[in-house]
Amino acid sequence: MFRTAVRNVLAHKARLLMTVLAVLLGVAFVSGTLVFTSTISAAFQKSSEQGFSHIDVAIRPDSSESGTPGSAPALSGEVLERAEELPGVASATGSVSGFAALVDKDGKLVGQGWSTSGANYYAGGDGTDDRYPMREGRAPERAGEIALDARTAERTGYAVGDTVRMSVDGPVREEKVTGVFTTDDGGVAAGGTLVLFDTATAQELFTAPGEYTEIILASDDGTSQAELLRAAEDALPETAEAVTGQTLADDQAAAIESEMSGLRTGMLVFAGIALFVGVFIIANTFTMLVAQRTQELALLRAVGASRRQVTRSVLIEAFVVGTIAGVTGLLAGIGIGAGLRSLMGGFGATVPDGPLLVTGQTVLASMLVGVVVTVLAAWLPARRAAKIPPVAAMSSLHATATTRSLVVRNSIGSVLVAAGAALVFTGTGMKAEEAATPMGAGGALLIVGVFVLTPLLSRPLIAAAAPVLRAFGVSGKLARQNAVRNPRRTAATAAALMIGLTLITGMTVIAGSVQKAIEQMATGSLKADYTVSMANFLPLSPEIERTLAADERVTAISPLRNSPAEIEGGREYLTGVNGEHIGDLTALDFSAGSFEGLSGDRAVVDERTAESYGWEVGSAFAVTYEDGGRGELTVSGVYEGNEMIQGIMLDTGTLDPHLQRQHAMQLLVGTGGDASEAMKSALEAELGNNPAILVQDEQDVAESIAQMFTLMLNMLYGLLAMAVLVAVLGVVNTLAMSVFERSQEIGMLRAIGLDRRAVKQMVRLESVVISLFGGVMGVGLGLFFGWAAGEAIGSSLSTYELVLPWGRMGVFLLLAAVVGVLAAMWPARRAARLNMLAAIKTE
């Protein structure tokens with residue numbers, strides 16, 4: 001039986017080719033994902049380990065204490081002096097770091113904000129900093145001087161002696177390049193930039209005079225990291241913590257692995273979708289092969305083969321097909337992994353150098369996926385093959401589905417659809433985070449249920465196309481009859497395309513609706529003509545606010561400052577605003593009170609915060625500010641908050657004295673309603689045409705949100721294209737085998753006058769009908785899932801409303817028709833080229 005199975009595979013190479021391709025694509029996606037993420041993860045981890053090689057122990061602010069109101073400065077010069085005197089310390093380096101955006105010679109940000117950082121050059125006793133060996137020039141020694149990392153210098157073309165434009169917190173700075181250095185910094189290896197200042201300048205920009213963000217200790221020979229750590233912990237203030245360099249490297253590796261794990265999981269989900277679609281193709285292929293080999297299998301039974309042997313022979317064929325698909329899919333996946341790494345470079349992302357990593361886990365996963373998916377999909381057809389009685393060898397009639405089996409199938413499908421729909425409807429009444437489980441389970445049940453019911457649905461839906469098909473005469477009539485002749489086969493073929501379009505349509509509906517909701521929220525809650533912020537959403541310098549406030553074209557301006565505070569034993573964030581202008585720059589709905597007279601000890605709060613603390617207008621509450629100062633605020637208004645504006649707002653005159661740095665997360669600017677391109681350009685020029693600062697009007701905000709969602713959708717479309725491609729292969733496979741199965745019929749049609757052109761048209765129309773059937777069901781299910789998910793999202797997003805993308809849905813159906821036309825090309829040509837006399841003699 002083993003030899004028989006192998007010979008059957010070799011005898012039907014063309015028939016099984018599409019099945020191999022379907023499995024191959026899914027396996028290639030899986031192996032490519034594993035190769036890509038393993039390679040990137042290993043490269044980043046190796047790079048991060050090199051970046052921590054000079055650190056034995058690092059002293060840094062205690063993350064559990066940092067930012068708590070009343071906490072002392074984390075790392076003062078006194079801590080550094082104490083660290084230098086610890087036993088076993090060879091050297092102690094005070095490190096200062098923060099954001100520093102560099103502009104290239106074309107005026108564009110380098111690194112697009114990704115790890116664009118600045119740090120200090122801490123000269124030791126010999127006048128050098130071992131962390132940053134200079135390749136050219138010298139280290140910066142005073143304000144107005146910087147050094148660039150070698151990778152950035154090569155990318156931008158800057159050299160020693162050049163003057164560069166950059167920004168730290170808003171204002172444009174012009175600095176002279178005095179040196180170019182090499183570094184193992186992981187951010188630089190990943191495509192970021194690193195700019196070095198002298199220590200005094202770095203402290204002025206990022207911390208405060210005499211303060212550091214980190215203190216790096218190097219141990220003497222013979223002192224281990226653990227010993228130095230114990231010595232450091234005994235001498236630290238409560239607001240600081242000490243960790244070993246190995247711990248830092250391990251934490252960085254764990255963080256990288258966590259990020260890669262999320263990416264890997266996301267990509268594997270889409271690979272799973274492609275494989276799930278492939279299951280229908282495999283099952284369909286083996287079902288048709290079994291039906292076409294009824295006599296052969298019955299003869300095997302007649303000469304002594306048992307049911308188990310027949311089943312095993314079909315499963316062996318599936319095993320051979322799965323093994324071939326697994327091996328070729330693995331090889332293709334290695335190529336995909338290498339291609340994705342190169343593609344990242346094409347998008348401007350830099351990946352650290354490292355070999356392409358193909359692990360044993362990747363090889364094992366590829367082979368298991370290829371073999372297991374194929375064998376499981378072929379199991380039902382194998383069981384069906386075993387039930388063929390020996391007497392069937394005397395007849396060429398294929399066993400048809402009984403009425404009882406169809407009733408059972410439709411009953412099971414109805415139960416699954418009802419259960420799935422009930423779970424989905426249950427999820428619509430929950431919050432978004434709670435609805436994921438019931439909606440996910442319900443969606444899966446509903447899709448499986450619809451698939452089970454597809455043979456029942458195929459007749460009425462395909463019959464609806466009859467008026468259009470009549471226009472094609474005999475070819476159209478025959479195409480419709482062929483499409484409904486075997487409802488199970490049509491169902492399996494259409495279901496593959498249905499699943500892909502269900503996901504695509506559902507995601508399009510959700511993304512479009514959420515995009516519209518966020519746009520309405522962003523623009524509806526603001527009356528400001530412009531918003532000003534840093535390109536990477538870091539705080540803006542108060543100098544930017546002063547510059548704009550002095551501009552005579554600006555009629556109103558308010559910062560949005562964030563500051564941690566302690567209220568009734570809990571941690572809250574206070575938002576400092578200009579009490580005089582904030583009412584003219586926002587459009588918030590107040591349930592009580594207003595912005596009127598927002599000054600002194602008065603504050604406005606959002607409804608959620610007021611409810612949680614039991615406040616109302618006139619309520620007073622104690623507050624401990626960021627600097628440890630205490631005060632009392634009185635609620636003067638309660639407003640309806642949203643994801644854009646919420647929390648406790650008070651006048652900057654009250655909040656600013658308690659802030660170490662009076663930075664703003666965003667500035668709201670009014671120009672008397674004169675929001676024009678000319679005004680926007682004038683404001684940008686006033687700020688030095690700084691690409692690190694965004695000046696946005698309402699249209700810019702809407703476009704930036706739309707751009708984000710468009711990018712996300714395009715990525716999802718690209719990932720789901722794999723499933724659609726597998727579905728196309730399914731249509732091709734079904735049509736090709738159907739043509740083979742109907743060879744005698746096609747020969748008879750040719751003999752009684754149907755020409756080759758009409759035969760081609762018949763096959764094409766059949767393909768288009770099946771594809772559109774799957775497309776209509778996919779779009780319909782996608783709309784339902786999009787609506788259901790939106791109901792849950794709307795519970796936490798007040799501006800959410802369903803947006804139906806009619807244009808895109810039309811495109812999806814048009815693409816389904818195109819899929820049908822393309823998929824029919826080879827089968828239609830094959831059908832037209834059949835020799836009519838040879839076909840008539842076919843059994």
# chains A, B, ... in the order shown; residues from 1 in each chain; ligands from 1

$ residues_around --residues "stretch 444-449 of chain A" --least-positions-apart "6" --cutoff "6 Å" --atoms "only C-alpha atoms" --output "ChimeraX atom specification"
/A:413,416-417,420

$ write_last_selection --atoms "N, CA, C and O atoms" --output "PDB file, in the first residue's frame"
ATOM      1  N   GLY A 413     -24.550  23.115  11.094  1.00  0.00           N
ATOM      2  CA  GLY A 413     -24.204  24.483  10.697  1.00  0.00           C
ATOM      3  C   GLY A 413     -25.097  25.520  11.342  1.00  0.00           C
ATOM      4  O   GLY A 413     -24.632  26.579  11.793  1.00  0.00           O
ATOM      5  N   LEU A 416     -24.119  25.989  14.983  1.00  0.00           N
ATOM      6  CA  LEU A 416     -22.864  26.752  15.094  1.00  0.00           C
ATOM      7  C   LEU A 416     -23.087  28.234  14.806  1.00  0.00           C
ATOM      8  O   LEU A 416     -22.555  29.102  15.511  1.00  0.00           O
ATOM      9  N   VAL A 417     -23.871  28.533  13.775  1.00  0.00           N
ATOM     10  CA  VAL A 417     -24.153  29.933  13.441  1.00  0.00           C
ATOM     11  C   VAL A 417     -24.912  30.614  14.572  1.00  0.00           C
ATOM     12  O   VAL A 417     -24.590  31.752  14.968  1.00  0.00           O
ATOM     13  N   GLY A 420     -22.506  31.087  17.551  1.00  0.00           N
ATOM     14  CA  GLY A 420     -21.530  32.133  17.243  1.00  0.00           C
ATOM     15  C   GLY A 420     -22.156  33.512  17.275  1.00  0.00           C
ATOM     16  O   GLY A 420     -21.600  34.457  17.858  1.00  0.00           O
TER      17      GLY A 420
END

$ residues_around --residues "stretch 543-556 of chain A" --least-positions-apart "5" --cutoff "12 Å" --atoms "only C-alpha atoms" --output "VMD selection string"
chain A and resid 167 to 172 527 to 534 561 577 to 586 661 to 675 678 to 680 682 to 688 690 693 to 695

$ residues_around --residues "A:Leu330" --least-positions-apart "5" --cutoff "7 Å" --atoms "only C-alpha atoms" --output "PyMOL selection string"
chain A and resi 27-28+31+363+366

$ closest_residue --among "A:Arg155, A:Arg480, A:Lys46, A:Arg82" --to "A:Arg764" --atoms "only C-alpha atoms"
A:Arg480

$ residues_around --residues "A:Val243" --least-positions-apart "5" --cutoff "10 Å" --atoms "only C-alpha atoms" --output "MDAnalysis selection string"
chainID A and resid 55:60 216 225:226 228:230 232:233 248

$ write_last_selection --atoms "N, CA and C atoms" --output "mmCIF file, in the first residue's frame"
data_model
loop_
_atom_site.group_PDB
_atom_site.id
_atom_site.type_symbol
_atom_site.label_atom_id
_atom_site.label_comp_id
_atom_site.auth_asym_id
_atom_site.auth_seq_id
_atom_site.Cartn_x
_atom_site.Cartn_y
_atom_site.Cartn_z
ATOM 1 N N ILE A 55 30.103 48.405 31.335
ATOM 2 C CA ILE A 55 29.419 48.668 32.602
ATOM 3 C C ILE A 55 29.530 47.449 33.515
ATOM 4 N N ASP A 56 30.073 47.653 34.714
ATOM 5 C CA ASP A 56 30.048 46.596 35.733
ATOM 6 C C ASP A 56 28.851 46.793 36.660
ATOM 7 N N VAL A 57 28.643 48.039 37.096
ATOM 8 C CA VAL A 57 27.465 48.366 37.899
ATOM 9 C C VAL A 57 26.963 49.742 37.455
ATOM 10 N N ALA A 58 25.661 49.882 37.340
ATOM 11 C CA ALA A 58 25.062 51.174 36.988
ATOM 12 C C ALA A 58 24.162 51.625 38.126
ATOM 13 N N ILE A 59 24.310 52.879 38.509
ATOM 14 C CA ILE A 59 23.445 53.492 39.511
ATOM 15 C C ILE A 59 22.472 54.403 38.759
ATOM 16 N N ARG A 60 21.177 54.239 39.024
ATOM 17 C CA ARG A 60 20.176 55.005 38.289
ATOM 18 C C ARG A 60 19.016 55.348 39.205
ATOM 19 N N ILE A 216 27.953 55.227 36.044
ATOM 20 C CA ILE A 216 28.483 53.944 35.580
ATOM 21 C C ILE A 216 29.764 53.641 36.349
ATOM 22 N N GLN A 225 31.228 41.778 39.625
ATOM 23 C CA GLN A 225 30.075 42.680 39.533
ATOM 24 C C GLN A 225 29.187 42.542 40.769
ATOM 25 N N ALA A 226 29.032 41.324 41.269
ATOM 26 C CA ALA A 226 28.190 41.096 42.441
ATOM 27 C C ALA A 226 28.768 41.787 43.680
ATOM 28 N N LEU A 228 30.815 44.414 43.719
ATOM 29 C CA LEU A 228 30.693 45.863 43.549
ATOM 30 C C LEU A 228 29.249 46.310 43.756
ATOM 31 N N LEU A 229 28.306 45.480 43.348
ATOM 32 C CA LEU A 229 26.891 45.806 43.535
ATOM 33 C C LEU A 229 26.562 45.907 45.017
ATOM 34 N N ARG A 230 27.045 44.959 45.827
ATOM 35 C CA ARG A 230 26.767 44.997 47.265
ATOM 36 C C ARG A 230 27.356 46.248 47.907
ATOM 37 N N ALA A 232 27.895 49.119 46.390
ATOM 38 C CA ALA A 232 27.142 50.286 45.917
ATOM 39 C C ALA A 232 25.804 50.403 46.635
ATOM 40 N N GLU A 233 25.125 49.285 46.870
ATOM 41 C CA GLU A 233 23.806 49.324 47.511
ATOM 42 C C GLU A 233 23.876 49.879 48.933
ATOM 43 N N LEU A 248 21.586 44.627 33.235
ATOM 44 C CA LEU A 248 21.133 45.552 32.201
ATOM 45 C C LEU A 248 21.069 44.862 30.846
#

$ select_by_dssp --residues "stretch 553-680 of chain A" --states "helix (DSSP H, G or I)" --output "list in words"
Ile582, Gly583, Asp584, Leu585, Glu607, Arg608, Thr609, Ala610, Glu611, Ser612, Tyr613, Thr652, Gly653, Thr654, Leu655, Asp656, Pro657, His658, Glu677, Ala678, Met679 and Lys680 of chain A

$ write_last_selection --atoms "N, CA, C and O atoms" --output "CSV table (one decimal), in the first residue's frame"
chain,number,residue,atom,x,y,z
A,582,ILE,N,-7.8,79.3,27.9
A,582,ILE,CA,-8.1,77.9,27.6
A,582,ILE,C,-9.6,77.7,27.2
A,582,ILE,O,-9.9,76.9,26.3
A,583,GLY,N,-10.5,78.6,27.7
A,583,GLY,CA,-11.9,78.5,27.2
A,583,GLY,C,-12.1,78.8,25.8
A,583,GLY,O,-13.0,78.4,25.1
A,584,ASP,N,-11.2,79.7,25.2
A,584,ASP,CA,-11.3,80.1,23.8
A,584,ASP,C,-10.6,79.1,22.9
A,584,ASP,O,-10.8,79.2,21.7
A,585,LEU,N,-9.8,78.2,23.5
A,585,LEU,CA,-9.1,77.3,22.6
A,585,LEU,C,-9.6,75.8,22.7
A,585,LEU,O,-9.1,75.0,21.9
A,607,GLU,N,-15.5,64.3,34.3
A,607,GLU,CA,-16.6,63.6,35.0
A,607,GLU,C,-16.1,62.3,35.7
A,607,GLU,O,-16.5,62.0,36.8
A,608,ARG,N,-15.2,61.6,35.0
A,608,ARG,CA,-14.8,60.3,35.5
A,608,ARG,C,-14.0,60.5,36.8
A,608,ARG,O,-14.2,59.8,37.8
A,609,THR,N,-13.1,61.5,36.8
A,609,THR,CA,-12.3,61.8,38.0
A,609,THR,C,-13.2,62.3,39.1
A,609,THR,O,-13.0,61.9,40.3
A,610,ALA,N,-14.1,63.2,38.8
A,610,ALA,CA,-15.0,63.7,39.8
A,610,ALA,C,-15.8,62.6,40.5
A,610,ALA,O,-16.0,62.6,41.7
A,611,GLU,N,-16.3,61.7,39.6
A,611,GLU,CA,-17.1,60.6,40.1
A,611,GLU,C,-16.3,59.7,41.0
A,611,GLU,O,-16.8,59.2,42.1
A,612,SER,N,-15.1,59.4,40.6
A,612,SER,CA,-14.2,58.5,41.4
A,612,SER,C,-13.9,59.0,42.8
A,612,SER,O,-13.7,58.3,43.8
A,613,TYR,N,-13.8,60.4,42.9
A,613,TYR,CA,-13.5,61.0,44.2
A,613,TYR,C,-14.7,61.5,44.9
A,613,TYR,O,-14.6,62.0,46.1
A,652,THR,N,-1.6,77.8,35.1
A,652,THR,CA,-0.2,77.6,35.2
A,652,THR,C,0.4,78.5,36.3
A,652,THR,O,1.5,78.2,36.8
A,653,GLY,N,-0.3,79.6,36.6
A,653,GLY,CA,0.2,80.5,37.7
A,653,GLY,C,0.3,79.7,39.0
A,653,GLY,O,1.1,80.1,39.8
A,654,THR,N,-0.6,78.8,39.2
A,654,THR,CA,-0.6,78.0,40.4
A,654,THR,C,0.3,76.8,40.3
A,654,THR,O,1.0,76.5,41.3
A,655,LEU,N,0.4,76.2,39.1
A,655,LEU,CA,1.2,74.9,39.0
A,655,LEU,C,2.7,75.2,38.8
A,655,LEU,O,3.6,74.5,39.3
A,656,ASP,N,3.0,76.2,38.0
A,656,ASP,CA,4.4,76.5,37.5
A,656,ASP,C,5.4,76.6,38.7
A,656,ASP,O,6.6,76.1,38.6
A,657,PRO,N,5.1,77.3,39.8
A,657,PRO,CA,6.1,77.4,40.9
A,657,PRO,C,6.5,76.1,41.5
A,657,PRO,O,7.6,76.0,42.1
A,658,HIS,N,5.8,75.1,41.2
A,658,HIS,CA,6.1,73.7,41.8
A,658,HIS,C,6.8,72.8,40.8
A,658,HIS,O,7.1,71.7,41.1
A,677,GLU,N,-2.5,78.5,5.2
A,677,GLU,CA,-1.1,78.0,4.9
A,677,GLU,C,-0.1,79.1,5.1
A,677,GLU,O,1.0,78.9,5.6
A,678,ALA,N,-0.5,80.3,4.8
A,678,ALA,CA,0.4,81.5,5.0
A,678,ALA,C,0.7,81.7,6.5
A,678,ALA,O,1.8,81.9,6.9
A,679,MET,N,-0.4,81.6,7.3
A,679,MET,CA,-0.2,81.8,8.8
A,679,MET,C,0.6,80.6,9.3
A,679,MET,O,1.5,80.8,10.2
A,680,LYS,N,0.4,79.4,8.9
A,680,LYS,CA,1.1,78.3,9.3
A,680,LYS,C,2.6,78.4,9.0
A,680,LYS,O,3.5,78.2,9.8

$ residues_around --residues "A:Val819" --least-positions-apart "2" --cutoff "8 Å" --atoms "only C-alpha atoms" --output "CSV table (one decimal) with C-alpha atoms, in the first residue's frame"
chain,number,residue,atom,x,y,z
A,728,VAL,CA,-6.8,31.8,-5.7
A,768,VAL,CA,-16.3,34.1,-11.5
A,771,SER,CA,-15.4,33.7,-6.6
A,815,LEU,CA,-11.2,41.9,-7.0
A,816,ALA,CA,-13.1,38.7,-6.3
A,817,ALA,CA,-14.4,38.8,-9.9
A,821,VAL,CA,-11.1,35.4,-14.2
A,822,LEU,CA,-7.4,34.9,-13.4
A,823,ALA,CA,-7.9,31.6,-11.7

$ select_by_dssp --residues "stretch 660-703 of chain A" --states "strand (DSSP E)" --output "list in words"
Gln666, Leu667, Leu668, Val669, Gly670, Ile693, Leu694, Val695 and Gln696 of chain A

$ write_last_selection --atoms "N, CA and C atoms" --output "tab-separated table (two decimals), in the first residue's frame"
chain	number	residue	atom	x	y	z
A	666	GLN	N	2.14	70.11	24.83
A	666	GLN	CA	1.52	70.64	23.62
A	666	GLN	C	1.13	72.10	23.87
A	667	LEU	N	1.13	72.88	22.81
A	667	LEU	CA	0.66	74.26	22.89
A	667	LEU	C	-0.57	74.42	22.01
A	668	LEU	N	-1.61	75.06	22.55
A	668	LEU	CA	-2.79	75.40	21.76
A	668	LEU	C	-2.68	76.87	21.38
A	669	VAL	N	-2.81	77.15	20.09
A	669	VAL	CA	-2.57	78.50	19.59
A	669	VAL	C	-3.79	78.99	18.81
A	670	GLY	N	-4.24	80.19	19.13
A	670	GLY	CA	-5.32	80.82	18.39
A	670	GLY	C	-4.80	82.04	17.64
A	693	ILE	N	9.70	70.25	15.32
A	693	ILE	CA	8.46	70.82	15.87
A	693	ILE	C	7.35	70.70	14.83
A	694	LEU	N	6.18	70.24	15.28
A	694	LEU	CA	5.02	70.13	14.41
A	694	LEU	C	4.06	71.28	14.69
A	695	VAL	N	3.75	72.05	13.67
A	695	VAL	CA	2.69	73.06	13.74
A	695	VAL	C	1.55	72.53	12.88
A	696	GLN	N	0.45	72.17	13.51
A	696	GLN	CA	-0.63	71.49	12.80
A	696	GLN	C	-1.96	72.23	12.95

$ closest_residue --among "A:Leu376, A:Val776, A:Trp787, A:Thr502" --to "A:Ile316" --atoms "only C-alpha atoms"
A:Leu376

$ atom_distance --atom1 "atom CA of A:Leu368" --atom2 "atom CA of A:Thr323"
8.7 Å

$ atom_distance --atom1 "atom CA of A:Arg131" --atom2 "atom CA of A:Leu194"
12.2 Å

$ residues_around --residues "A:Gly440" --least-positions-apart "2" --cutoff "10 Å" --atoms "only C-alpha atoms" --output "PDB file with N, CA and C atoms, in the first residue's frame"
ATOM      1  N   GLY A 420     -22.506  31.087  17.551  1.00  0.00           N
ATOM      2  CA  GLY A 420     -21.530  32.133  17.243  1.00  0.00           C
ATOM      3  C   GLY A 420     -22.156  33.512  17.275  1.00  0.00           C
ATOM      4  N   LEU A 423     -22.815  34.670  20.871  1.00  0.00           N
ATOM      5  CA  LEU A 423     -21.611  35.137  21.563  1.00  0.00           C
ATOM      6  C   LEU A 423     -21.193  36.520  21.066  1.00  0.00           C
ATOM      7  N   VAL A 424     -21.287  36.724  19.748  1.00  0.00           N
ATOM      8  CA  VAL A 424     -20.918  38.032  19.193  1.00  0.00           C
ATOM      9  C   VAL A 424     -21.859  39.115  19.715  1.00  0.00           C
ATOM     10  N   GLY A 427     -20.991  40.073  23.174  1.00  0.00           N
ATOM     11  CA  GLY A 427     -19.820  40.943  23.234  1.00  0.00           C
ATOM     12  C   GLY A 427     -20.128  42.391  22.917  1.00  0.00           C
ATOM     13  N   ALA A 435     -14.784  42.409  25.677  1.00  0.00           N
ATOM     14  CA  ALA A 435     -15.521  41.771  24.581  1.00  0.00           C
ATOM     15  C   ALA A 435     -14.641  40.899  23.702  1.00  0.00           C
ATOM     16  N   ALA A 436     -13.306  40.989  23.855  1.00  0.00           N
ATOM     17  CA  ALA A 436     -12.411  40.277  22.943  1.00  0.00           C
ATOM     18  C   ALA A 436     -12.646  38.776  22.956  1.00  0.00           C
ATOM     19  N   THR A 437     -12.769  38.187  24.161  1.00  0.00           N
ATOM     20  CA  THR A 437     -12.917  36.725  24.251  1.00  0.00           C
ATOM     21  C   THR A 437     -14.234  36.230  23.669  1.00  0.00           C
ATOM     22  N   PRO A 438     -15.404  36.747  24.109  1.00  0.00           N
ATOM     23  CA  PRO A 438     -16.656  36.244  23.517  1.00  0.00           C
ATOM     24  C   PRO A 438     -16.763  36.535  22.025  1.00  0.00           C
ATOM     25  N   GLY A 442     -17.005  33.697  19.338  1.00  0.00           N
ATOM     26  CA  GLY A 442     -18.220  33.749  18.522  1.00  0.00           C
ATOM     27  C   GLY A 442     -17.920  33.896  17.052  1.00  0.00           C
ATOM     28  N   GLY A 443     -16.911  34.716  16.728  1.00  0.00           N
ATOM     29  CA  GLY A 443     -16.532  34.897  15.327  1.00  0.00           C
ATOM     30  C   GLY A 443     -16.044  33.611  14.700  1.00  0.00           C
ATOM     31  N   ALA A 444     -15.211  32.860  15.456  1.00  0.00           N
ATOM     32  CA  ALA A 444     -14.701  31.590  14.939  1.00  0.00           C
ATOM     33  C   ALA A 444     -15.849  30.605  14.698  1.00  0.00           C
ATOM     34  N   LEU A 445     -16.777  30.501  15.671  1.00  0.00           N
ATOM     35  CA  LEU A 445     -17.925  29.597  15.508  1.00  0.00           C
ATOM     36  C   LEU A 445     -18.797  30.014  14.331  1.00  0.00           C
ATOM     37  N   LEU A 446     -18.994  31.322  14.181  1.00  0.00           N
ATOM     38  CA  LEU A 446     -19.852  31.816  13.108  1.00  0.00           C
ATOM     39  C   LEU A 446     -19.248  31.519  11.742  1.00  0.00           C
ATOM     40  N   PHE A 785     -19.069  41.614  11.477  1.00  0.00           N
ATOM     41  CA  PHE A 785     -18.032  41.643  12.508  1.00  0.00           C
ATOM     42  C   PHE A 785     -17.561  43.073  12.778  1.00  0.00           C
ATOM     43  N   ALA A 789     -17.832  44.665  16.494  1.00  0.00           N
ATOM     44  CA  ALA A 789     -16.650  45.191  17.184  1.00  0.00           C
ATOM     45  C   ALA A 789     -16.813  46.677  17.476  1.00  0.00           C
TER      46      ALA A 789
END

$ atom_distance --atom1 "atom CA of A:Ala386" --atom2 "atom CA of A:Asn284"
16.8 Å

$ residues_around --residues "A:Ser525" --least-positions-apart "3" --cutoff "7 Å" --atoms "only C-alpha atoms" --output "PDB file with C-alpha atoms, in the first residue's frame"
ATOM      1  CA  MET A 521     -12.429  63.808  19.019  1.00  0.00           C
ATOM      2  CA  ALA A 522      -9.164  65.556  18.101  1.00  0.00           C
ATOM      3  CA  THR A 586     -11.127  74.198  23.641  1.00  0.00           C
ATOM      4  CA  ALA A 587     -14.706  73.063  23.023  1.00  0.00           C
ATOM      5  CA  LEU A 588     -15.425  70.912  26.066  1.00  0.00           C
TER       6      LEU A 588
END

$ decode --residues "stretch 834-838 of chain A" --atoms "all heavy atoms" --output "PDB file, in the first residue's frame"
ATOM      1  N   LEU A 834      -9.098  20.115 -25.077  1.00  0.00           N
ATOM      2  CA  LEU A 834      -9.360  18.680 -25.010  1.00  0.00           C
ATOM      3  C   LEU A 834      -9.758  18.141 -26.390  1.00  0.00           C
ATOM      4  O   LEU A 834     -10.561  18.754 -27.097  1.00  0.00           O
ATOM      5  CB  LEU A 834     -10.494  18.385 -24.019  1.00  0.00           C
ATOM      6  CG  LEU A 834     -10.160  18.453 -22.519  1.00  0.00           C
ATOM      7  CD1 LEU A 834     -11.434  18.266 -21.701  1.00  0.00           C
ATOM      8  CD2 LEU A 834      -9.136  17.386 -22.147  1.00  0.00           C
ATOM      9  N   ASN A 835      -9.211  17.006 -26.743  1.00  0.00           N
ATOM     10  CA  ASN A 835      -9.617  16.318 -27.967  1.00  0.00           C
ATOM     11  C   ASN A 835     -10.995  15.717 -27.736  1.00  0.00           C
ATOM     12  O   ASN A 835     -11.173  14.892 -26.841  1.00  0.00           O
ATOM     13  CB  ASN A 835      -8.597  15.228 -28.308  1.00  0.00           C
ATOM     14  CG  ASN A 835      -8.935  14.531 -29.615  1.00  0.00           C
ATOM     15  OD1 ASN A 835      -9.938  13.830 -29.711  1.00  0.00           O
ATOM     16  ND2 ASN A 835      -8.083  14.719 -30.607  1.00  0.00           N
ATOM     17  N   MET A 836     -11.991  16.148 -28.549  1.00  0.00           N
ATOM     18  CA  MET A 836     -13.364  15.759 -28.252  1.00  0.00           C
ATOM     19  C   MET A 836     -13.573  14.247 -28.318  1.00  0.00           C
ATOM     20  O   MET A 836     -14.306  13.680 -27.499  1.00  0.00           O
ATOM     21  CB  MET A 836     -14.340  16.496 -29.177  1.00  0.00           C
ATOM     22  CG  MET A 836     -14.270  16.108 -30.640  1.00  0.00           C
ATOM     23  SD  MET A 836     -15.490  17.023 -31.616  1.00  0.00           S
ATOM     24  CE  MET A 836     -14.754  18.659 -31.633  1.00  0.00           C
ATOM     25  N   LEU A 837     -12.922  13.548 -29.262  1.00  0.00           N
ATOM     26  CA  LEU A 837     -13.116  12.099 -29.370  1.00  0.00           C
ATOM     27  C   LEU A 837     -12.467  11.369 -28.204  1.00  0.00           C
ATOM     28  O   LEU A 837     -13.046  10.434 -27.625  1.00  0.00           O
ATOM     29  CB  LEU A 837     -12.535  11.598 -30.692  1.00  0.00           C
ATOM     30  CG  LEU A 837     -13.222  12.136 -31.957  1.00  0.00           C
ATOM     31  CD1 LEU A 837     -12.537  11.584 -33.209  1.00  0.00           C
ATOM     32  CD2 LEU A 837     -14.696  11.740 -31.960  1.00  0.00           C
ATOM     33  N   ALA A 838     -11.245  11.830 -27.824  1.00  0.00           N
ATOM     34  CA  ALA A 838     -10.568  11.204 -26.678  1.00  0.00           C
ATOM     35  C   ALA A 838     -11.341  11.483 -25.399  1.00  0.00           C
ATOM     36  O   ALA A 838     -11.428  10.631 -24.509  1.00  0.00           O
ATOM     37  CB  ALA A 838      -9.135  11.736 -26.563  1.00  0.00           C
TER      38      ALA A 838
END
